[in-house]
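K.L.:
Sharing query_23.cif below, mmCIF, C-alpha atoms and all ligand atoms:
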data_run
loop_
_atom_site.label_atom_id
_atom_site.label_comp_id
_atom_site.auth_asym_id
_atom_site.auth_seq_id
_atom_site.Cartn_x
_atom_site.Cartn_y
_atom_site.Cartn_z
CA MET Y 1007 -103.59 -147.32 -41.28
CA ASP Y 1008 -102.78 -149.58 -44.27
CA ARG Y 1009 -105.87 -151.75 -43.61
CA LEU Y 1010 -107.99 -148.63 -43.42
CA ILE Y 1011 -106.59 -147.46 -46.72
CA GLU Y 1012 -107.66 -150.71 -48.38
CA LYS Y 1013 -111.14 -150.12 -47.06
CA ILE Y 1014 -111.39 -146.60 -48.39
CA VAL Y 1015 -110.40 -147.76 -51.85
CA ASP Y 1016 -113.53 -149.90 -51.79
CA ASP Y 1017 -115.71 -147.04 -50.55
CA LEU Y 1018 -114.13 -144.27 -52.61
CA ASN Y 1019 -116.63 -142.57 -54.88
CA THR Y 1020 -114.26 -141.31 -57.59
CA SER Y 1021 -113.45 -142.35 -61.12
CA VAL Y 1022 -109.82 -141.16 -61.40
CA VAL Y 1023 -108.40 -139.75 -58.17
CA GLY Y 1024 -107.32 -142.45 -55.73
CA ARG Y 1025 -108.23 -145.39 -57.97
CA GLU Y 1026 -104.74 -146.53 -57.08
CA ILE Y 1027 -103.29 -145.74 -53.67
CA LYS Y 1028 -99.65 -146.48 -52.85
CA TYR Y 1029 -99.30 -146.59 -49.08
CA TYR Y 1030 -95.93 -146.48 -47.30
CA SER Y 1031 -95.26 -146.51 -43.58
CA VAL Y 1032 -92.20 -144.24 -44.04
CA LEU Y 1033 -91.02 -142.14 -46.96
CA GLU Y 1034 -88.67 -139.23 -47.20
CA SER Y 1035 -91.30 -137.26 -49.11
CA THR Y 1036 -94.49 -138.37 -50.83
CA ASN Y 1037 -93.94 -135.68 -53.50
CA GLU Y 1038 -90.54 -137.18 -54.35
CA ARG Y 1039 -91.93 -140.73 -54.50
CA ALA Y 1040 -94.85 -139.55 -56.63
CA LYS Y 1041 -92.41 -137.91 -59.07
CA GLN Y 1042 -90.61 -141.24 -59.52
CA LEU Y 1043 -93.91 -143.02 -60.10
CA ALA Y 1044 -95.03 -140.36 -62.59
CA LYS Y 1045 -91.79 -140.86 -64.53
CA GLU Y 1046 -92.60 -144.59 -64.58
CA GLY Y 1047 -95.96 -143.69 -66.14
CA TYR Y 1048 -98.31 -144.42 -63.25
CA ASN Y 1049 -101.94 -143.58 -63.99
CA GLU Y 1050 -103.45 -140.17 -63.53
CA GLY Y 1051 -104.97 -139.88 -60.07
CA THR Y 1052 -102.55 -142.27 -58.37
CA VAL Y 1053 -102.14 -141.25 -54.73
CA VAL Y 1054 -98.96 -141.72 -52.74
CA ILE Y 1055 -99.45 -141.61 -48.99
CA ALA Y 1056 -97.08 -142.16 -46.09
CA ASP Y 1057 -97.72 -142.50 -42.39
CA GLU Y 1058 -94.47 -140.64 -41.73
CA GLN Y 1059 -92.17 -138.46 -43.83
CA THR Y 1060 -88.55 -138.07 -42.81
CA GLY Y 1061 -87.92 -135.18 -45.22
CA GLY Y 1062 -91.37 -133.72 -45.88
CA LYS Y 1063 -90.99 -130.69 -48.14
CA GLY Y 1064 -92.68 -127.35 -47.62
CA ARG Y 1065 -92.76 -124.27 -49.78
CA LEU Y 1066 -89.66 -122.12 -50.26
CA GLY Y 1067 -87.32 -125.00 -49.36
CA ARG Y 1068 -88.77 -125.40 -45.89
CA ARG Y 1069 -89.34 -128.70 -44.09
CA TRP Y 1070 -92.80 -130.02 -43.34
CA PHE Y 1071 -93.17 -131.62 -39.91
CA SER Y 1072 -94.62 -135.08 -40.70
CA PRO Y 1073 -94.53 -137.36 -37.63
CA PRO Y 1074 -95.98 -140.91 -37.75
CA GLY Y 1075 -99.50 -141.86 -36.71
CA SER Y 1076 -100.98 -138.41 -36.82
CA GLY Y 1077 -101.33 -136.58 -40.11
CA LEU Y 1078 -102.27 -137.05 -43.74
CA TRP Y 1079 -99.19 -136.74 -45.95
CA LEU Y 1080 -100.17 -137.44 -49.53
CA SER Y 1081 -99.38 -136.59 -53.13
CA ILE Y 1082 -101.58 -136.94 -56.20
CA ILE Y 1083 -100.12 -137.67 -59.66
CA LEU Y 1084 -101.84 -135.71 -62.44
CA TYR Y 1085 -101.32 -135.14 -66.15
CA PRO Y 1086 -103.47 -132.06 -66.76
CA GLU Y 1087 -103.67 -130.40 -70.16
CA LEU Y 1088 -102.71 -126.98 -68.90
CA GLU Y 1089 -100.23 -124.29 -69.77
CA ALA Y 1090 -97.35 -124.46 -67.30
CA ASP Y 1091 -98.24 -121.03 -65.88
CA ARG Y 1092 -101.69 -122.38 -64.90
CA VAL Y 1093 -100.28 -125.06 -62.61
CA PRO Y 1094 -101.08 -122.96 -59.51
CA LEU Y 1095 -104.66 -124.01 -60.29
CA MET Y 1096 -103.80 -127.50 -59.03
CA THR Y 1097 -102.93 -126.02 -55.67
CA ILE Y 1098 -106.13 -123.99 -55.70
CA ILE Y 1099 -108.16 -127.15 -56.31
CA ALA Y 1100 -106.45 -128.90 -53.42
CA SER Y 1101 -107.07 -125.97 -51.10
CA LEU Y 1102 -110.78 -125.88 -52.05
CA ALA Y 1103 -111.09 -129.61 -51.38
CA VAL Y 1104 -109.41 -129.43 -47.97
CA TYR Y 1105 -111.38 -126.29 -47.08
CA ASP Y 1106 -114.69 -128.08 -47.80
CA VAL Y 1107 -113.70 -131.09 -45.74
CA ILE Y 1108 -112.66 -128.99 -42.74
CA GLU Y 1109 -115.85 -126.96 -42.97
CA SER Y 1110 -117.89 -130.18 -43.10
CA LEU Y 1111 -116.42 -131.05 -39.69
CA GLY Y 1112 -118.08 -127.92 -38.30
CA LEU Y 1113 -114.91 -125.81 -38.09
CA ILE Y 1114 -114.54 -122.27 -39.37
CA THR Y 1115 -111.60 -122.18 -41.73
CA GLU Y 1116 -110.00 -119.86 -44.28
CA ILE Y 1117 -107.57 -120.02 -47.16
CA LYS Y 1118 -104.53 -117.83 -46.70
CA TRP Y 1119 -103.15 -116.80 -50.07
CA PRO Y 1120 -101.66 -118.59 -51.83
CA ASN Y 1121 -102.17 -122.03 -50.35
CA ASP Y 1122 -102.31 -122.29 -46.58
CA ILE Y 1123 -105.41 -123.46 -44.78
CA LEU Y 1124 -105.91 -121.83 -41.42
CA ILE Y 1125 -108.17 -122.34 -38.45
CA LYS Y 1126 -108.38 -119.30 -36.14
CA GLY Y 1127 -105.19 -117.98 -37.70
CA HIS Y 1128 -103.21 -121.20 -37.21
CA LYS Y 1129 -101.99 -123.34 -40.08
CA VAL Y 1130 -103.61 -126.75 -40.32
CA CYS Y 1131 -102.72 -127.66 -43.91
CA GLY Y 1132 -100.08 -126.82 -46.50
CA ILE Y 1133 -100.04 -127.68 -50.19
CA LEU Y 1134 -97.08 -128.02 -52.51
CA SER Y 1135 -97.53 -128.59 -56.25
CA GLU Y 1136 -94.49 -129.46 -58.33
CA MET Y 1137 -94.32 -130.07 -62.06
CA SER Y 1138 -92.12 -131.35 -64.81
CA VAL Y 1139 -92.30 -129.57 -68.15
CA GLY Y 1140 -90.97 -130.91 -71.46
CA SER Y 1141 -90.86 -129.55 -75.00
CA THR Y 1142 -94.49 -130.56 -75.57
CA GLY Y 1143 -95.84 -129.07 -72.34
CA ILE Y 1144 -96.46 -130.47 -68.88
CA ASN Y 1145 -95.15 -134.00 -68.30
CA TYR Y 1146 -96.79 -134.30 -64.90
CA VAL Y 1147 -97.92 -132.35 -61.87
CA ILE Y 1148 -97.62 -133.63 -58.33
CA THR Y 1149 -99.95 -132.01 -55.84
CA GLY Y 1150 -98.86 -132.69 -52.27
CA ILE Y 1151 -101.14 -132.10 -49.31
CA GLY Y 1152 -100.03 -132.07 -45.69
CA LEU Y 1153 -102.93 -131.99 -43.23
CA ASN Y 1154 -102.35 -131.93 -39.48
CA VAL Y 1155 -105.01 -134.30 -38.20
CA ASN Y 1156 -104.31 -135.80 -34.79
CA GLN Y 1157 -101.17 -134.07 -33.57
CA THR Y 1158 -101.19 -132.68 -30.08
CA TYR Y 1159 -97.51 -131.72 -30.19
CA PHE Y 1160 -95.58 -129.39 -32.49
CA PRO Y 1161 -91.87 -128.49 -32.35
CA GLU Y 1162 -91.13 -125.17 -30.76
CA GLU Y 1163 -90.34 -123.32 -33.99
CA ILE Y 1164 -93.86 -123.86 -35.37
CA ARG Y 1165 -95.87 -124.24 -32.16
CA GLU Y 1166 -97.10 -120.68 -32.23
CA PHE Y 1167 -98.37 -120.92 -35.82
CA ALA Y 1168 -99.58 -124.52 -36.23
CA THR Y 1169 -102.67 -126.43 -35.23
CA SER Y 1170 -104.35 -129.77 -35.93
CA LEU Y 1171 -107.96 -130.81 -36.43
CA ARG Y 1172 -107.80 -132.70 -33.15
CA ILE Y 1173 -106.67 -129.62 -31.25
CA GLU Y 1174 -109.49 -127.58 -32.78
CA LEU Y 1175 -112.23 -130.21 -32.42
CA GLY Y 1176 -111.12 -131.73 -29.15
CA LYS Y 1177 -111.37 -135.26 -30.48
CA GLU Y 1178 -109.40 -137.73 -32.54
CA LEU Y 1179 -110.34 -138.17 -36.19
CA ASN Y 1180 -110.28 -141.14 -38.54
CA ARG Y 1181 -107.56 -140.35 -41.08
CA ALA Y 1182 -108.69 -142.89 -43.65
CA TYR Y 1183 -112.19 -141.39 -43.76
CA LEU Y 1184 -110.74 -137.89 -44.09
CA LEU Y 1185 -108.55 -139.09 -46.93
CA GLN Y 1186 -111.59 -140.49 -48.68
CA ILE Y 1187 -113.57 -137.27 -48.52
CA ILE Y 1188 -110.56 -135.15 -49.51
CA LEU Y 1189 -109.97 -137.27 -52.62
CA GLU Y 1190 -113.66 -137.12 -53.55
CA ALA Y 1191 -113.75 -133.34 -53.16
CA PHE Y 1192 -110.45 -132.99 -55.05
CA GLU Y 1193 -111.83 -134.95 -57.99
CA ARG Y 1194 -114.98 -132.79 -58.15
CA TYR Y 1195 -112.85 -129.65 -58.42
CA TYR Y 1196 -110.37 -131.32 -60.79
CA PHE Y 1197 -113.20 -132.13 -63.16
CA MET Y 1198 -114.36 -128.50 -62.99
CA LEU Y 1199 -110.87 -127.57 -64.13
CA THR Y 1200 -110.75 -130.13 -66.94
CA ARG Y 1201 -114.15 -128.79 -68.09
CA GLY Y 1202 -112.66 -125.30 -68.30
CA LYS Y 1203 -114.50 -123.76 -65.33
CA ILE Y 1204 -111.46 -121.76 -64.30
CA ASP Y 1205 -113.23 -118.50 -63.47
CA LEU Y 1206 -115.60 -120.38 -61.17
CA LEU Y 1207 -112.70 -122.06 -59.38
CA ILE Y 1208 -110.86 -118.77 -58.90
CA ASN Y 1209 -114.04 -117.15 -57.56
CA LEU Y 1210 -114.66 -119.98 -55.10
CA TRP Y 1211 -111.06 -119.68 -53.94
CA LYS Y 1212 -111.29 -115.89 -53.53
CA GLU Y 1213 -114.52 -116.17 -51.53
CA ARG Y 1214 -112.72 -118.39 -49.03
CA MET Y 1215 -109.97 -115.84 -48.37
CA LYS Y 1216 -110.19 -112.95 -45.98
CA ILE Y 1217 -107.38 -110.95 -47.51
CA ILE Y 1218 -109.13 -108.69 -50.03
CA ASN Y 1219 -109.25 -105.02 -48.92
CA LYS Y 1220 -106.89 -105.82 -46.03
CA ARG Y 1221 -103.54 -104.19 -45.35
CA ILE Y 1222 -100.78 -106.75 -45.55
CA GLN Y 1223 -97.05 -107.17 -45.67
CA ILE Y 1224 -95.70 -109.57 -48.25
CA LYS Y 1225 -92.24 -111.11 -48.31
CA ASN Y 1226 -91.20 -112.53 -51.65
CA GLY Y 1227 -87.55 -113.62 -51.66
CA GLN Y 1228 -85.56 -110.60 -50.48
CA GLU Y 1229 -88.36 -108.19 -51.30
CA ILE Y 1230 -90.72 -106.97 -48.63
CA ALA Y 1231 -93.69 -104.78 -49.56
CA SER Y 1232 -96.82 -103.61 -47.88
CA GLY Y 1233 -100.11 -102.19 -49.00
CA ILE Y 1234 -103.75 -103.03 -49.54
CA VAL Y 1235 -104.80 -106.19 -51.38
CA ILE Y 1236 -107.21 -104.96 -53.99
CA ASP Y 1237 -107.96 -108.30 -55.65
CA ILE Y 1238 -106.78 -111.71 -56.76
CA SER Y 1239 -106.32 -111.94 -60.54
CA ASN Y 1240 -107.86 -114.61 -62.74
CA GLY Y 1241 -104.45 -116.22 -62.82
CA GLY Y 1242 -104.37 -116.39 -59.02
CA GLU Y 1243 -101.89 -113.54 -58.48
CA LEU Y 1244 -102.27 -111.27 -55.49
CA ILE Y 1245 -102.79 -107.64 -56.58
CA LEU Y 1246 -101.36 -105.17 -54.10
CA ARG Y 1247 -101.63 -101.38 -54.09
CA ASP Y 1248 -98.71 -99.89 -52.18
CA ASP Y 1249 -98.86 -96.63 -50.23
CA THR Y 1250 -97.72 -94.60 -53.22
CA GLY Y 1251 -100.57 -96.00 -55.30
CA ASN Y 1252 -98.43 -98.35 -57.41
CA ILE Y 1253 -99.86 -101.76 -58.29
CA HIS Y 1254 -97.81 -104.95 -57.83
CA LEU Y 1255 -98.67 -108.52 -58.80
CA TYR Y 1256 -97.35 -111.50 -56.84
CA TRP Y 1257 -97.34 -115.18 -57.71
CA ALA Y 1258 -95.89 -116.29 -54.42
CA GLY Y 1259 -94.83 -114.94 -51.06
CA ASP Y 1260 -95.48 -115.01 -47.35
CA THR Y 1261 -98.23 -112.64 -46.33
CA SER Y 1262 -99.16 -111.29 -42.94
CA LEU Y 1263 -101.95 -108.94 -41.98
CA VAL Y 1264 -100.89 -105.51 -40.76
CA LYS Y 1265 -103.11 -103.68 -38.30
C1 LIG Y 1301 -96.22 -125.64 -47.24
O1 LIG Y 1301 -95.07 -125.24 -47.03
O2 LIG Y 1301 -97.18 -125.05 -46.76
C2 LIG Y 1301 -96.47 -126.85 -48.09
C3 LIG Y 1301 -96.39 -128.12 -47.30
C4 LIG Y 1301 -96.68 -129.35 -48.13
C5 LIG Y 1301 -96.47 -130.63 -47.34
C6 LIG Y 1301 -96.92 -131.85 -48.07
S1 LIG Y 1301 -96.95 -133.29 -47.05
C7 LIG Y 1301 -97.20 -134.30 -48.42
C8 LIG Y 1301 -96.37 -133.75 -49.57
N1 LIG Y 1301 -95.04 -134.32 -49.54
C9 LIG Y 1301 -94.10 -133.41 -49.26
O3 LIG Y 1301 -92.88 -133.64 -49.15
N2 LIG Y 1301 -94.68 -132.21 -49.07
C10 LIG Y 1301 -96.11 -132.26 -49.30
#
Using structure tokens, write down the structure that the file contains.
Ligand code: BTN
P.N.:
Amino acid sequence: MDRLIEKIVDDLNTSVVGREIKYYSVLESTNERAKQLAKEGYNEGTVVIADEQTGGKGRLGRRWFSPPGSGLWLSIILYPELEADRVPLMTIIASLAVYDVIESLGLITEIKWPNDILIKGHKVCGILSEMSVGSTGINYVITGIGLNVNQTYFPEEIREFATSLRIELGKELNRAYLLQIILEAFERYYFMLTRGKIDLLINLWKERMKIINKRIQIKNGQEIASGIVIDISNGGELILRDDTGNIHLYWAGDTSLVK
């Protein structure tokens, strides 16, 4: 894959994202490596990618299954001029980029709030943004993307919920090419953000979700609630109306549809 990566750098049609790509055959976590590089002052848009992660990180302290030779495990270093509470927008951008790429392959996909990408109800991609904030604002944001590309095997605990592009398409895909088109799409959305088109981004994200007006259960830490999703706010929060008519806003949580 390293030779392929060199080739995509030549072909890549971006001005910031992926202008430098740091490829590793094994890392514990690309997000962790990207944080170190950000602290060393690496340029905005630098991409860290590993063929395998031994300690890939998921949301809520979970592990992300990242075997060698099969997926795209990458992190993008960014220095956006954003208020810290707007950092979820980086995850939204990544989910829009991956959504577009999957759709361009001819697959029907959806974004599951807040940041899972599903195909026929099975998770194909997860996104984890992490940031460092100092007294003057954001020091850096790392947006990590884990896309299941060519796996045909998943461990038992996730088998029921996970899928890969290869399983859905019935053929193997070129990971370097996918990386190229993800980075190009990511940059297009990132520039929308830096030009202040936040409402547009939120609307695009909402349109790609099938959760509005649906009855769901949401688990957020110890709290479990259920009700109807009435909207997604301009800040990206899920707005839930419970059965007594009370309105709740959530930043994060695990949602499931209730029949
Ligand atoms: C989730 O739980 O849905 C988020 C998963 C994010 C996984 C990616 S893989 C590349 C990057 N490096 C990590 O350690 N995690 C993210």
K.L.:
Compute the set of protein, DNA and RNA residues whose minimum atom distance to ligand LIG 1301 (chain Y) is at most 6 Å, using only C-alpha atoms and all ligand atoms, and state it as an MDAnalysis selection string.
P.N.:
chainID Y and resid 1035:1037 1062:1065 1070 1079:1081 1122 1132:1134 1150:1152
K.L.:
Can you tell me, as a list in words, which residues sit within 6 Å of (-100.0, -103.6, -51.8) in the file's frame, using only C-alpha atoms?
P.N.:
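Counting only C-alpha atoms, I find these residues within 6 Å of (-100.0, -103.6, -51.8): Ser1232, Gly1233, Ile1234, Val1235, Leu1246, Arg1247 and Asp1248 of chain Y.
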K.L.:
Restricting the calculation to all atoms listed in the file, which member of Y:Asn1240, Y:Thr1169, Y:Asn1252, Y:Ser1031 is positioned closest to Lys1129 (chain Y)?
P.N.:
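The shortest atom-to-atom distance to Lys1129 (chain Y) comes from Y:Thr1169.
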K.L.:
Give me the residues near region 1185-1194 of chain Y as a list of chain:residue names, where near means some atom within 9 Å (using all atoms listed in the file) and where sequence neighbours in that chain fewer than 6 positions away do not count.
P.N.:
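Residues near the query, excluding close chain neighbours: Y:Ile1011, Y:Ile1014, Y:Val1015, Y:Asp1017, Y:Leu1018, Y:Asn1019, Y:Thr1020, Y:Ser1021, Y:Val1022, Y:Val1023, Y:Gly1024, Y:Gly1051, Y:Leu1078, Y:Leu1080, Y:Ile1099, Y:Ala1100, Y:Ser1101, Y:Leu1102, Y:Ala1103, Y:Val1104, Y:Asp1106, Y:Val1107.
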K.L.:
Grab the residues selected above and save them as a PDB file, in the frame of the given file with C-alpha atoms.
P.N.:
ATOM      1  CA  ILE Y1011    -106.590-147.460 -46.720  1.00  0.00           C
ATOM      2  CA  ILE Y1014    -111.390-146.600 -48.390  1.00  0.00           C
ATOM      3  CA  VAL Y1015    -110.400-147.760 -51.850  1.00  0.00           C
ATOM      4  CA  ASP Y1017    -115.710-147.040 -50.550  1.00  0.00           C
ATOM      5  CA  LEU Y1018    -114.130-144.270 -52.610  1.00  0.00           C
ATOM      6  CA  ASN Y1019    -116.630-142.570 -54.880  1.00  0.00           C
ATOM      7  CA  THR Y1020    -114.260-141.310 -57.590  1.00  0.00           C
ATOM      8  CA  SER Y1021    -113.450-142.350 -61.120  1.00  0.00           C
ATOM      9  CA  VAL Y1022    -109.820-141.160 -61.400  1.00  0.00           C
ATOM     10  CA  VAL Y1023    -108.400-139.750 -58.170  1.00  0.00           C
ATOM     11  CA  GLY Y1024    -107.320-142.450 -55.730  1.00  0.00           C
ATOM     12  CA  GLY Y1051    -104.970-139.880 -60.070  1.00  0.00           C
ATOM     13  CA  LEU Y1078    -102.270-137.050 -43.740  1.00  0.00           C
ATOM     14  CA  LEU Y1080    -100.170-137.440 -49.530  1.00  0.00           C
ATOM     15  CA  ILE Y1099    -108.160-127.150 -56.310  1.00  0.00           C
ATOM     16  CA  ALA Y1100    -106.450-128.900 -53.420  1.00  0.00           C
ATOM     17  CA  SER Y1101    -107.070-125.970 -51.100  1.00  0.00           C
ATOM     18  CA  LEU Y1102    -110.780-125.880 -52.050  1.00  0.00           C
ATOM     19  CA  ALA Y1103    -111.090-129.610 -51.380  1.00  0.00           C
ATOM     20  CA  VAL Y1104    -109.410-129.430 -47.970  1.00  0.00           C
ATOM     21  CA  ASP Y1106    -114.690-128.080 -47.800  1.00  0.00           C
ATOM     22  CA  VAL Y1107    -113.700-131.090 -45.740  1.00  0.00           C
TER      23      VAL Y1107
END
K.L.:
Find, counting only C-alpha atoms, the residue in Y:Leu1175, Y:Ala1056, Y:Met1096, Y:Leu1263 that gets nearest to Tyr1195 (chain Y).
P.N.:
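When distances to Tyr1195 (chain Y) are compared using only C-alpha atoms, the smallest one comes from Y:Met1096.
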K.L.:
To one decimal in Å, tell me the separation between CA of Phe1071 (chain Y) and CA of Asn1226 (chain Y).
P.N.:
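So the two atoms, CA of Phe1071 (chain Y) and CA of Asn1226 (chain Y), lie 22.5 Å apart.
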K.L.:
With a distance cut-off of 12 Å and all atoms listed in the file, select the neighbouring residues of Gln1042 (chain Y), excluding the residue or stretch itself and same-chain residues fewer than 2 positions from it, and output the selection as a ChimeraX atom specification.
P.N.:
/Y:1035-1040,1044-1048,1054,1081,1083,1138,1146-1148
K.L.:
Choose the residue, out of Y:Lys1126, Y:Lys1028, Y:Lys1225, Y:Arg1172, that has the smallest atom-to-atom separation from Asp1260 (chain Y); count all atoms listed in the file.
P.N.:
Y:Lys1225
K.L.:
Could you state the separation of CA of Leu1124 (chain Y) and CA of Ala1168 (chain Y) in Å, given to one decimal place?
P.N.:
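Result for CA of Leu1124 (chain Y) versus CA of Ala1168 (chain Y): 8.6 Å, one decimal.
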K.L.:
Measuring atom to atom with all atoms listed in the file, identify which of Y:Thr1200, Y:Ala1182, Y:Ile1224, Y:Tyr1030 is nearest to Val1264 (chain Y).
P.N.:
Y:Ile1224
K.L.:
From the set Y:Thr1158, Y:Gln1059, Y:Gln1228, Y:Gln1223, which residue has the shortest atom-to-atom contact distance to Lys1265 (chain Y), counting all atoms listed in the file?
P.N.:
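That would be Y:Gln1223, the residue with the smallest distance to Lys1265 (chain Y).
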K.L.:
What's the separation between CA of Ile1108 (chain Y) and CA of Phe1197 (chain Y), in Å to one decimal place?
P.N.:
20.7 Å
K.L.:
Report as a ChimeraX atom specification all protein, DNA and RNA residues lying within 9 Å of Leu1207 (chain Y), evaluated on all atoms listed in the file, omitting residues in the same chain fewer than 4 positions from it.
P.N.:
/Y:1095,1098-1099,1102,1195,1198-1199,1203,1211-1212
K.L.:
Which residues come within 8 Å of region 1237-1239 of chain Y, counting all atoms listed in the file, excluding same-chain residues fewer than 3 positions away, as a list in words?
P.N.:
Lys1212, Ile1218, Asn1219, Gly1242, Glu1243, Leu1244, Ile1245 and Leu1246 of chain Y
K.L.:
Which of these residues is nearest to Gly1259 (chain Y), using all atoms listed in the file: Y:Asn1156, Y:Ser1072, Y:Asn1121, Y:Thr1052?
P.N.:
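That would be Y:Asn1121, the residue with the smallest distance to Gly1259 (chain Y).
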K.L.:
I'd like the contact shell of Gly1176 (chain Y) - 12 Å cut-off, only C-alpha atoms, skipping same-chain residues fewer than 2 positions apart - returned as a list of chain:residue names.
P.N.:
Y:Leu1111, Y:Leu1113, Y:Val1155, Y:Asn1156, Y:Gln1157, Y:Thr1158, Y:Thr1169, Y:Ser1170, Y:Leu1171, Y:Arg1172, Y:Ile1173, Y:Glu1174, Y:Glu1178, Y:Leu1179
K.L.:
Axis-aligned box over every listed atom of region 1154-1168 of chain Y, padded by 3 Å per side: centre and edges in Å to one decimal, as JSON?
P.N.:
{"center_x": -97.7, "center_y": -128.2, "center_z": -34.8, "size_x": 20.7, "size_y": 21.1, "size_z": 15.4}
